[in-house]
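Enquirer: Please find coords02.txt (compact mmCIF, C-alpha atoms) on the next line:
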```txt
# COMPACT_ATOMS: atom_id res chain seq x y z
CA MET A 1 24.64 -9.88 -2.57
CA ILE A 2 21.95 -7.78 -4.16
CA LYS A 3 18.25 -7.63 -3.41
CA VAL A 4 15.95 -7.83 -6.44
CA LEU A 5 12.29 -6.80 -6.34
CA TYR A 6 9.57 -7.42 -8.91
CA PHE A 7 6.32 -5.43 -9.18
CA ALA A 8 2.92 -5.55 -10.82
CA ARG A 9 2.61 -7.75 -13.89
CA LEU A 10 6.18 -9.02 -13.41
CA LYS A 11 5.51 -10.20 -9.89
CA GLU A 12 2.40 -12.04 -11.06
CA SER A 13 3.96 -13.66 -14.13
CA LEU A 14 7.12 -14.75 -12.36
CA ASN A 15 5.53 -15.58 -8.99
CA TYR A 16 8.42 -13.75 -7.32
CA SER A 17 8.14 -10.56 -5.31
CA THR A 18 11.65 -10.35 -3.92
CA GLU A 19 14.89 -12.34 -3.75
CA ASP A 20 18.40 -12.00 -2.47
CA MET A 21 21.06 -13.15 -4.92
CA ASP A 22 24.77 -13.05 -5.42
CA LEU A 23 25.69 -10.58 -8.15
CA PRO A 24 26.46 -13.03 -10.97
CA VAL A 25 29.96 -13.06 -12.45
CA GLY A 26 30.14 -10.72 -15.43
CA VAL A 27 26.93 -8.89 -14.53
CA ARG A 28 27.66 -5.23 -13.96
CA THR A 29 24.79 -3.36 -15.58
CA VAL A 30 21.02 -3.47 -15.51
CA ALA A 31 20.98 -4.77 -19.10
CA GLN A 32 23.33 -7.59 -18.15
CA LEU A 33 21.20 -8.54 -15.15
CA LYS A 34 18.12 -8.62 -17.40
CA ASP A 35 19.96 -10.95 -19.80
CA HIS A 36 20.97 -13.15 -16.88
CA LEU A 37 17.40 -13.37 -15.54
CA ALA A 38 16.03 -14.08 -19.04
CA LYS A 39 17.94 -17.37 -19.01
CA ARG A 40 15.94 -18.73 -16.07
CA GLY A 41 13.06 -19.97 -18.20
CA GLU A 42 10.35 -19.10 -20.68
CA ALA A 43 8.34 -16.72 -18.50
CA TRP A 44 11.53 -14.86 -17.57
CA ALA A 45 12.72 -14.72 -21.18
CA ASN A 46 9.39 -13.37 -22.41
CA LEU A 47 9.56 -10.49 -19.96
CA PHE A 48 13.27 -9.69 -19.83
CA ASN A 49 14.19 -10.16 -23.47
CA SER A 50 12.10 -7.16 -24.43
CA GLN A 51 14.60 -4.86 -22.77
CA HIS A 52 12.70 -1.63 -23.31
CA SER A 53 9.40 -2.42 -21.69
CA ILE A 54 10.87 -3.32 -18.27
CA ARG A 55 11.95 -0.35 -16.19
CA ALA A 56 14.53 -0.55 -13.42
CA ALA A 57 15.42 1.29 -10.25
CA ILE A 58 18.55 0.99 -8.14
CA ASN A 59 18.27 2.03 -4.49
CA HIS A 60 14.97 3.79 -5.15
CA ALA A 61 16.12 5.82 -8.16
CA LEU A 62 14.96 5.19 -11.73
CA VAL A 63 17.88 4.15 -13.95
CA GLU A 64 18.56 3.29 -17.58
CA ASN A 65 19.74 -0.09 -18.93
CA ASP A 66 23.39 0.94 -18.81
CA ALA A 67 23.35 1.76 -15.08
CA MET A 68 25.94 -0.06 -12.96
CA ILE A 69 24.96 -2.46 -10.17
CA LYS A 70 27.17 -3.08 -7.16
CA ASN A 71 27.03 -5.33 -4.12
CA GLY A 72 24.52 -4.23 -1.54
CA ASP A 73 22.25 -2.56 -4.09
CA GLU A 74 18.48 -2.96 -4.15
CA VAL A 75 17.38 -3.45 -7.77
CA ALA A 76 13.73 -3.28 -8.74
CA PHE A 77 12.13 -4.29 -12.03
CA PHE A 78 8.67 -3.13 -13.08
CA PRO A 79 6.47 -2.24 -16.04
CA PRO A 80 6.03 1.41 -17.03
CA VAL A 81 4.21 3.15 -14.18
CA THR A 82 0.51 3.97 -14.17
CA GLY A 83 -0.23 6.05 -11.09
CA GLY A 84 -2.14 9.28 -10.72
CA MET B 1 6.31 20.50 1.35
CA SER B 2 4.43 17.31 2.11
CA VAL B 3 4.18 13.89 0.53
CA LYS B 4 1.82 11.19 1.73
CA VAL B 5 1.17 7.69 0.42
CA GLN B 6 -1.78 6.12 2.21
CA THR B 7 -4.76 3.80 1.90
CA THR B 8 -7.16 6.19 3.61
CA ASP B 9 -9.12 8.93 1.87
CA PHE B 10 -8.16 12.61 2.05
CA ASP B 11 -10.18 15.79 2.50
CA VAL B 12 -9.29 18.31 -0.21
CA GLY B 13 -11.00 21.20 1.55
CA ALA B 14 -9.11 20.56 4.78
CA GLU B 15 -5.81 20.30 2.92
CA ILE B 16 -6.45 23.63 1.15
CA VAL B 17 -7.33 25.38 4.40
CA ALA B 18 -4.25 23.98 6.12
CA MET B 19 -1.95 25.14 3.33
CA ARG B 20 -3.66 28.50 2.83
CA LEU B 21 -3.16 29.45 6.45
CA SER B 22 0.22 27.84 7.06
CA SER B 23 2.53 30.24 5.23
CA SER B 24 2.78 33.87 4.32
CA HIS B 25 3.05 35.31 0.80
CA ILE B 26 0.39 32.96 -0.60
CA GLY B 27 -1.91 34.58 -3.14
CA ALA B 28 -2.87 31.56 -5.22
CA LEU B 29 -3.65 27.88 -4.62
CA VAL B 30 -4.20 25.34 -7.38
CA SER B 31 -5.39 21.80 -6.75
CA PHE B 32 -5.77 18.71 -8.90
CA VAL B 33 -7.78 15.67 -7.79
CA GLY B 34 -7.65 12.39 -9.70
CA GLN B 35 -10.42 9.92 -9.05
CA VAL B 36 -11.29 6.41 -10.19
CA ARG B 37 -13.36 6.48 -13.37
CA ASP B 38 -16.09 3.89 -13.86
CA LEU B 39 -15.20 3.47 -17.54
CA ASN B 40 -11.83 2.69 -19.11
CA ASP B 41 -11.11 1.59 -22.70
CA GLY B 42 -14.80 0.91 -23.23
CA ASP B 43 -15.16 -1.39 -20.20
CA SER B 44 -17.00 -0.80 -16.95
CA ILE B 45 -14.64 -0.75 -14.02
CA SER B 46 -15.96 -2.23 -10.78
CA SER B 47 -12.80 -1.79 -8.69
CA MET B 48 -9.15 -0.84 -8.88
CA PHE B 49 -6.04 -1.88 -6.97
CA LEU B 50 -3.08 0.48 -6.68
CA GLU B 51 0.23 -1.31 -6.14
CA HIS B 52 3.30 0.72 -5.16
CA TYR B 53 6.98 0.47 -4.18
CA PRO B 54 7.20 1.48 -0.50
CA GLY B 55 10.25 3.70 0.00
CA MET B 56 10.73 4.64 -3.62
CA THR B 57 7.23 6.04 -4.02
CA GLU B 58 7.67 8.71 -1.35
CA LYS B 59 11.14 9.56 -2.64
CA ALA B 60 9.92 9.91 -6.24
CA LEU B 61 7.06 12.22 -5.22
CA SER B 62 9.40 14.37 -3.12
CA GLU B 63 11.75 14.69 -6.08
CA ILE B 64 8.88 15.77 -8.30
CA ILE B 65 8.09 18.59 -5.87
CA ALA B 66 11.80 19.50 -5.69
CA GLN B 67 11.97 19.70 -9.51
CA ALA B 68 8.91 21.95 -9.60
CA LYS B 69 10.48 24.25 -6.99
CA THR B 70 13.56 24.80 -9.19
CA ARG B 71 11.37 25.96 -12.09
CA TRP B 72 8.57 27.91 -10.45
CA SER B 73 8.21 30.08 -7.41
CA ILE B 74 6.34 27.81 -4.99
CA VAL B 75 5.58 28.60 -1.37
CA ASP B 76 4.19 25.16 -0.50
CA ALA B 77 3.13 21.91 -2.17
CA THR B 78 1.38 18.73 -1.09
CA ILE B 79 1.00 15.44 -2.92
CA ILE B 80 -1.24 12.74 -1.45
CA HIS B 81 -1.58 9.46 -3.35
CA ARG B 82 -3.73 6.56 -2.23
CA VAL B 83 -2.85 2.91 -2.65
CA GLY B 84 -4.68 -0.36 -2.17
CA GLU B 85 -8.26 -1.16 -3.10
CA LEU B 86 -10.37 1.65 -4.59
CA LYS B 87 -13.86 1.89 -6.11
CA PRO B 88 -15.24 4.14 -8.88
CA GLN B 89 -15.51 7.75 -7.73
CA ASP B 90 -12.94 7.20 -5.00
CA GLN B 91 -10.25 9.86 -4.90
CA ILE B 92 -6.80 8.62 -5.96
CA VAL B 93 -4.44 11.59 -5.90
CA LEU B 94 -4.24 15.20 -4.75
CA VAL B 95 -1.64 17.67 -6.03
CA LEU B 96 -1.93 20.99 -4.22
CA VAL B 97 0.34 24.00 -4.86
CA ALA B 98 0.49 27.45 -3.28
CA SER B 99 2.40 30.42 -4.65
CA ALA B 100 2.33 34.19 -4.61
CA HIS B 101 0.85 34.42 -8.10
CA ARG B 102 -1.39 32.12 -10.11
CA GLN B 103 0.83 31.34 -13.10
CA ASP B 104 3.41 29.55 -10.95
CA ALA B 105 0.71 27.54 -9.17
CA PHE B 106 -1.10 26.48 -12.37
CA SER B 107 2.09 25.50 -14.20
CA ALA B 108 3.70 23.72 -11.24
CA CYS B 109 0.54 21.69 -10.58
CA GLU B 110 0.25 20.51 -14.17
CA PHE B 111 3.98 19.77 -14.35
CA MET B 112 3.87 17.67 -11.18
CA MET B 113 0.94 15.60 -12.42
CA ASP B 114 2.67 14.97 -15.76
CA GLN B 115 5.81 13.83 -13.92
CA LEU B 116 3.81 11.67 -11.50
CA LYS B 117 2.05 9.85 -14.35
CA THR B 118 5.37 8.69 -15.81
CA ASN B 119 7.89 8.57 -12.97
CA ALA B 120 6.17 7.64 -9.71
CA PRO B 121 6.15 3.89 -8.96
CA PHE B 122 2.47 3.05 -8.82
CA TRP B 123 0.69 0.42 -10.92
CA LYS B 124 -3.06 0.18 -11.41
CA LYS B 125 -4.94 -3.07 -11.76
CA GLU B 126 -8.59 -2.73 -12.68
CA GLN B 127 -11.46 -5.18 -12.49
CA THR B 128 -13.90 -5.31 -15.39
CA GLN B 129 -16.73 -7.68 -16.22
CA ASN B 130 -14.09 -9.86 -17.92
CA GLY B 131 -11.77 -10.08 -14.93
CA PHE B 132 -8.63 -8.27 -13.79
CA ARG B 133 -6.17 -6.46 -16.06
CA TRP B 134 -3.16 -4.25 -15.50
CA VAL B 135 -3.58 -0.74 -16.89
CA GLU B 136 -1.05 0.00 -19.64
CA ALA B 137 1.06 3.14 -19.63
CA LYS B 138 0.02 5.61 -22.31
CA ALA B 139 2.19 7.24 -24.93
CA SER B 140 0.21 10.42 -24.37
CA ASP B 141 1.42 10.54 -20.74
CA GLU B 142 5.04 10.29 -21.86
CA ALA B 143 4.40 13.00 -24.46
CA ALA B 144 2.87 15.21 -21.75
CA ARG B 145 5.96 14.77 -19.58
CA GLN B 146 8.32 15.61 -22.43
CA ARG B 147 6.72 18.91 -23.33
CA TRP B 148 8.07 20.43 -20.13
```
Just give me the structure as structure tokens.

Expert:
Amino acid sequence: MIKVLYFARLKESLNYSTEDMDLPVGVRTVAQLKDHLAKRGEAWANLFNSQHSIRAAINHALVENDAMIKNGDEVAFFPPVTGG
Amino acid sequence: MSVKVQTTDFDVGAEIVAMRLSSSHIGALVSFVGQVRDLNDGDSISSMFLEHYPGMTEKALSEIIAQAKTRWSIVDATIIHRVGELKPQDQIVLVLVASAHRQDAFSACEFMMDQLKTNAPFWKKEQTQNGFRWVEAKASDEAARQRW
């Protein structure tokens, strides 16, 4: 199982803030998880098909698209940050 | 070194006094305060909401301080970032650095702000006369981060 969190514009567009899910078969990287989520529907596809504009973190650390995901991980997806 | 993420306001003067007197070997303190601007992209801003990622936010800010410490000689550093609902002229963020000499403090402070703008998980939503919109990340912020 992994925990997936969505923030900001993603959370609003998808109407999802967090979910627990089984790590899908064949999904090992962030890019593969994005592809998997894009298949859920139009809103998901619109956000996750543009791979570069959605950032990811695994267990509270920013990662690139090729980062590996394992069971027990907390994966977060969010737009580029705008703090400060 | 201190990192705080909070909804409540902070007192810059009090933070400076606390840091100034807390350690030895301090000859220079540099502070940056970011506040909510009433104008963005040509629109009047009536309020702003700061969303964040509890847990990762504190960790990211601590890492930014740690990175600065490897590059400059820093005696102490504090980052305070507010979240939640804010109004124009409200303070958003404080980056405060103390060092023996001023060059380290100036450079470390600017470096930490440039890192914070691109790596710390906060997202701003502003309210204009036309409704709410999420603030977009700027290419200039990424450029500022990369020059270090």

Enquirer: Hey, list the chain B side of the contact with chain A: 6 Å cut-off, all atoms listed in the file, answer as a PyMOL selection string.

Expert: chain B and resi 56+93+117-118+121-124+137

Enquirer: Pull C-alpha atoms from the residues just selected and write them as a PDB file, keeping the file's coordinate frame.

Expert:
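Final output, out18.pdb:
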```pdb
ATOM      1  CA  MET B  56      10.730   4.640  -3.620  1.00  0.00           C
ATOM      2  CA  VAL B  93      -4.440  11.590  -5.900  1.00  0.00           C
ATOM      3  CA  LYS B 117       2.050   9.850 -14.350  1.00  0.00           C
ATOM      4  CA  THR B 118       5.370   8.690 -15.810  1.00  0.00           C
ATOM      5  CA  PRO B 121       6.150   3.890  -8.960  1.00  0.00           C
ATOM      6  CA  PHE B 122       2.470   3.050  -8.820  1.00  0.00           C
ATOM      7  CA  TRP B 123       0.690   0.420 -10.920  1.00  0.00           C
ATOM      8  CA  LYS B 124      -3.060   0.180 -11.410  1.00  0.00           C
ATOM      9  CA  ALA B 137       1.060   3.140 -19.630  1.00  0.00           C
TER      10      ALA B 137
END
```

Enquirer: So what do you get for atom CA of B:Arg82 versus atom CA of B:Val5, distance-wise?

Expert: 5.7 Å

Enquirer: Enter the distance from atom CA of B:Ala28 to atom CA of B:Asn119, in Å, rounded to one decimal.

Expert: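 Pair atom CA of B:Ala28 / atom CA of B:Asn119 returns 26.5 Å.
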
Enquirer: Can you pull out the residues contacting stretch 40-42 of chain B? Cut-off 12 Å, using only C-alpha atoms, and skip same-chain residues under 4 positions away; I want them as a ChimeraX atom specification.

Expert: /B:36,46-48,88,124-129,133-136,138

Enquirer: Could you save the residues just selected, with C-alpha atoms, as a PDB file, keeping the file's coordinate frame?

Expert:
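selection-v4.pdb was written with the following content:
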```
ATOM      1  CA  VAL B  36     -11.290   6.410 -10.190  1.00  0.00           C
ATOM      2  CA  SER B  46     -15.960  -2.230 -10.780  1.00  0.00           C
ATOM      3  CA  SER B  47     -12.800  -1.790  -8.690  1.00  0.00           C
ATOM      4  CA  MET B  48      -9.150  -0.840  -8.880  1.00  0.00           C
ATOM      5  CA  PRO B  88     -15.240   4.140  -8.880  1.00  0.00           C
ATOM      6  CA  LYS B 124      -3.060   0.180 -11.410  1.00  0.00           C
ATOM      7  CA  LYS B 125      -4.940  -3.070 -11.760  1.00  0.00           C
ATOM      8  CA  GLU B 126      -8.590  -2.730 -12.680  1.00  0.00           C
ATOM      9  CA  GLN B 127     -11.460  -5.180 -12.490  1.00  0.00           C
ATOM     10  CA  THR B 128     -13.900  -5.310 -15.390  1.00  0.00           C
ATOM     11  CA  GLN B 129     -16.730  -7.680 -16.220  1.00  0.00           C
ATOM     12  CA  ARG B 133      -6.170  -6.460 -16.060  1.00  0.00           C
ATOM     13  CA  TRP B 134      -3.160  -4.250 -15.500  1.00  0.00           C
ATOM     14  CA  VAL B 135      -3.580  -0.740 -16.890  1.00  0.00           C
ATOM     15  CA  GLU B 136      -1.050   0.000 -19.640  1.00  0.00           C
ATOM     16  CA  LYS B 138       0.020   5.610 -22.310  1.00  0.00           C
TER      17      LYS B 138
END
```

Enquirer: Please, what distance in Å, to one decimal, runs between atom CA of B:Asp90 and atom CA of B:Gln35?

Expert: 5.5 Å

Enquirer: Quick one: residues within 9 Å of A:Met1, only C-alpha atoms counted, chain neighbours fewer than 4 positions away excluded, as a tab-separated table (two decimals) with C-alpha atoms, in the frame of the given file?

Expert:
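Written output follows (result_36.tsv):
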```tsv
chain	number	residue	atom	x	y	z
A	20	ASP	CA	18.40	-12.00	-2.47
A	21	MET	CA	21.06	-13.15	-4.92
A	22	ASP	CA	24.77	-13.05	-5.42
A	23	LEU	CA	25.69	-10.58	-8.15
A	70	LYS	CA	27.17	-3.08	-7.16
A	71	ASN	CA	27.03	-5.33	-4.12
A	72	GLY	CA	24.52	-4.23	-1.54
A	73	ASP	CA	22.25	-2.56	-4.09
```

Enquirer: Name all residues at most 10 Å from B:Phe32 (count all atoms listed in the file; drop same-chain ones fewer than 6 positions away) and give them as a list in words.

Expert: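 Here the answer would be Val12, Ile79, Val93, Leu94, Val95, Leu96, Val97, Phe106, Cys109, Glu110, Met112 and Met113 of chain B.
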
Enquirer: Point out the residue among A:Trp44, A:Phe77, A:Tyr16, A:Met68 with the least atom-to-atom distance to A:Ala56, counting all atoms listed in the file.

Expert: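 Answer, going by the shortest atom-to-atom distance: A:Phe77.
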
Enquirer: Residues at most 9 Å from B:Lys4, counting all atoms listed in the file, excluding those fewer than 6 positions away in the same chain, as a PyMOL selection string?

Expert: chain B and resi 58+61+78-82

Enquirer: Taking into account all atoms listed in the file, which residue in the set B:Asp114, B:Asp38, B:Asp76, B:Asp43 is nearest to B:Arg147?

Expert: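 The closest residue to B:Arg147 is B:Asp114.
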
Enquirer: Between B:Phe132, B:Arg145, B:Ala100, B:Gln115, which residue has the minimum interatomic distance to B:Arg20, considering all atoms listed in the file?

Expert: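 With all atoms listed in the file as the atom set, the closest residue is B:Ala100.
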
Enquirer: Nearest to B:Ala68 among B:Ser31, B:Ser22, B:Ser107, B:Gln91, with distances taken over all atoms listed in the file: which residue is it?

Expert: B:Ser107

Enquirer: So which one's closest to A:Asn46, A:Leu10, A:Ala31, A:Val4, A:Asp66? Using all atoms listed in the file, please.

Expert: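 Among the listed residues, the smallest separation from A:Asn46 belongs to A:Leu10.
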
Enquirer: Taking into account only C-alpha atoms, which residue in the set B:Ala120, B:Ala105, B:Gly131, B:Glu142 is nearest to B:Gly27?

Expert: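 Residue with the minimum atom-to-atom distance to B:Gly27: B:Ala105.
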
Enquirer: Missing atoms in stretch 23-34 of chain A: fill them in up to all heavy atoms and send the result as a PDB file, keeping the file's coordinate frame.

Expert:
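Listed below is the output, out27.pdb:
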```pdb
ATOM      1  N   LEU A  23      25.530 -11.254  -6.853  1.00  0.00           N
ATOM      2  CA  LEU A  23      25.690 -10.580  -8.150  1.00  0.00           C
ATOM      3  C   LEU A  23      26.454 -11.533  -9.059  1.00  0.00           C
ATOM      4  O   LEU A  23      27.599 -11.889  -8.776  1.00  0.00           O
ATOM      5  CB  LEU A  23      26.467  -9.277  -7.950  1.00  0.00           C
ATOM      6  CG  LEU A  23      26.465  -8.270  -9.092  1.00  0.00           C
ATOM      7  CD1 LEU A  23      25.050  -7.882  -9.479  1.00  0.00           C
ATOM      8  CD2 LEU A  23      27.255  -7.036  -8.694  1.00  0.00           C
ATOM      9  N   PRO A  24      25.804 -12.016 -10.141  1.00  0.00           N
ATOM     10  CA  PRO A  24      26.460 -13.030 -10.970  1.00  0.00           C
ATOM     11  C   PRO A  24      27.759 -12.504 -11.593  1.00  0.00           C
ATOM     12  O   PRO A  24      27.891 -11.310 -11.873  1.00  0.00           O
ATOM     13  CB  PRO A  24      25.425 -13.315 -12.061  1.00  0.00           C
ATOM     14  CG  PRO A  24      24.136 -12.836 -11.515  1.00  0.00           C
ATOM     15  CD  PRO A  24      24.476 -11.666 -10.641  1.00  0.00           C
ATOM     16  N   VAL A  25      28.688 -13.418 -11.824  1.00  0.00           N
ATOM     17  CA  VAL A  25      29.960 -13.060 -12.450  1.00  0.00           C
ATOM     18  C   VAL A  25      29.679 -12.455 -13.824  1.00  0.00           C
ATOM     19  O   VAL A  25      28.892 -12.992 -14.602  1.00  0.00           O
ATOM     20  CB  VAL A  25      30.861 -14.311 -12.598  1.00  0.00           C
ATOM     21  CG1 VAL A  25      32.125 -13.977 -13.372  1.00  0.00           C
ATOM     22  CG2 VAL A  25      31.195 -14.871 -11.227  1.00  0.00           C
ATOM     23  N   GLY A  26      30.307 -11.338 -14.115  1.00  0.00           N
ATOM     24  CA  GLY A  26      30.140 -10.720 -15.430  1.00  0.00           C
ATOM     25  C   GLY A  26      28.929  -9.805 -15.535  1.00  0.00           C
ATOM     26  O   GLY A  26      28.744  -9.141 -16.546  1.00  0.00           O
ATOM     27  N   VAL A  27      28.097  -9.779 -14.489  1.00  0.00           N
ATOM     28  CA  VAL A  27      26.930  -8.890 -14.530  1.00  0.00           C
ATOM     29  C   VAL A  27      27.285  -7.603 -13.807  1.00  0.00           C
ATOM     30  O   VAL A  27      27.521  -7.594 -12.600  1.00  0.00           O
ATOM     31  CB  VAL A  27      25.709  -9.553 -13.864  1.00  0.00           C
ATOM     32  CG1 VAL A  27      24.592  -8.537 -13.659  1.00  0.00           C
ATOM     33  CG2 VAL A  27      25.219 -10.714 -14.702  1.00  0.00           C
ATOM     34  N   ARG A  28      27.329  -6.529 -14.557  1.00  0.00           N
ATOM     35  CA  ARG A  28      27.660  -5.230 -13.960  1.00  0.00           C
ATOM     36  C   ARG A  28      26.575  -4.191 -14.189  1.00  0.00           C
ATOM     37  O   ARG A  28      26.473  -3.233 -13.429  1.00  0.00           O
ATOM     38  CB  ARG A  28      28.971  -4.700 -14.542  1.00  0.00           C
ATOM     39  CG  ARG A  28      30.179  -5.486 -14.118  1.00  0.00           C
ATOM     40  CD  ARG A  28      31.403  -4.582 -13.971  1.00  0.00           C
ATOM     41  NE  ARG A  28      32.586  -5.386 -13.714  1.00  0.00           N
ATOM     42  CZ  ARG A  28      33.294  -6.017 -14.652  1.00  0.00           C
ATOM     43  NH1 ARG A  28      32.944  -5.904 -15.925  1.00  0.00           N
ATOM     44  NH2 ARG A  28      34.340  -6.746 -14.339  1.00  0.00           N
ATOM     45  N   THR A  29      25.807  -4.370 -15.259  1.00  0.00           N
ATOM     46  CA  THR A  29      24.790  -3.360 -15.580  1.00  0.00           C
ATOM     47  C   THR A  29      23.392  -3.953 -15.492  1.00  0.00           C
ATOM     48  O   THR A  29      23.210  -5.172 -15.432  1.00  0.00           O
ATOM     49  CB  THR A  29      24.985  -2.832 -17.010  1.00  0.00           C
ATOM     50  OG1 THR A  29      24.714  -3.907 -17.931  1.00  0.00           O
ATOM     51  CG2 THR A  29      26.387  -2.287 -17.226  1.00  0.00           C
ATOM     52  N   VAL A  30      22.417  -3.062 -15.521  1.00  0.00           N
ATOM     53  CA  VAL A  30      21.020  -3.470 -15.510  1.00  0.00           C
ATOM     54  C   VAL A  30      20.721  -4.366 -16.714  1.00  0.00           C
ATOM     55  O   VAL A  30      20.079  -5.406 -16.592  1.00  0.00           O
ATOM     56  CB  VAL A  30      20.107  -2.232 -15.507  1.00  0.00           C
ATOM     57  CG1 VAL A  30      18.659  -2.603 -15.826  1.00  0.00           C
ATOM     58  CG2 VAL A  30      20.180  -1.537 -14.156  1.00  0.00           C
ATOM     59  N   ALA A  31      21.224  -3.976 -17.883  1.00  0.00           N
ATOM     60  CA  ALA A  31      20.980  -4.770 -19.100  1.00  0.00           C
ATOM     61  C   ALA A  31      21.538  -6.177 -18.941  1.00  0.00           C
ATOM     62  O   ALA A  31      20.902  -7.160 -19.340  1.00  0.00           O
ATOM     63  CB  ALA A  31      21.594  -4.078 -20.312  1.00  0.00           C
ATOM     64  N   GLN A  32      22.716  -6.282 -18.335  1.00  0.00           N
ATOM     65  CA  GLN A  32      23.330  -7.590 -18.150  1.00  0.00           C
ATOM     66  C   GLN A  32      22.551  -8.432 -17.139  1.00  0.00           C
ATOM     67  O   GLN A  32      22.421  -9.653 -17.295  1.00  0.00           O
ATOM     68  CB  GLN A  32      24.791  -7.437 -17.708  1.00  0.00           C
ATOM     69  CG  GLN A  32      25.701  -6.975 -18.834  1.00  0.00           C
ATOM     70  CD  GLN A  32      27.080  -6.546 -18.354  1.00  0.00           C
ATOM     71  OE1 GLN A  32      27.259  -6.202 -17.191  1.00  0.00           O
ATOM     72  NE2 GLN A  32      28.046  -6.571 -19.255  1.00  0.00           N
ATOM     73  N   LEU A  33      22.012  -7.799 -16.118  1.00  0.00           N
ATOM     74  CA  LEU A  33      21.200  -8.540 -15.150  1.00  0.00           C
ATOM     75  C   LEU A  33      19.917  -9.029 -15.815  1.00  0.00           C
ATOM     76  O   LEU A  33      19.468 -10.154 -15.587  1.00  0.00           O
ATOM     77  CB  LEU A  33      20.883  -7.673 -13.930  1.00  0.00           C
ATOM     78  CG  LEU A  33      20.074  -8.350 -12.817  1.00  0.00           C
ATOM     79  CD1 LEU A  33      20.763  -9.619 -12.312  1.00  0.00           C
ATOM     80  CD2 LEU A  33      19.830  -7.398 -11.651  1.00  0.00           C
ATOM     81  N   LYS A  34      19.317  -8.199 -16.655  1.00  0.00           N
ATOM     82  CA  LYS A  34      18.120  -8.620 -17.400  1.00  0.00           C
ATOM     83  C   LYS A  34      18.427  -9.850 -18.264  1.00  0.00           C
ATOM     84  O   LYS A  34      17.657 -10.806 -18.309  1.00  0.00           O
ATOM     85  CB  LYS A  34      17.610  -7.488 -18.278  1.00  0.00           C
ATOM     86  CG  LYS A  34      16.877  -6.380 -17.535  1.00  0.00           C
ATOM     87  CD  LYS A  34      16.386  -5.329 -18.536  1.00  0.00           C
ATOM     88  CE  LYS A  34      15.628  -4.209 -17.859  1.00  0.00           C
ATOM     89  NZ  LYS A  34      15.199  -3.180 -18.829  1.00  0.00           N
TER      90      LYS A  34
END
```
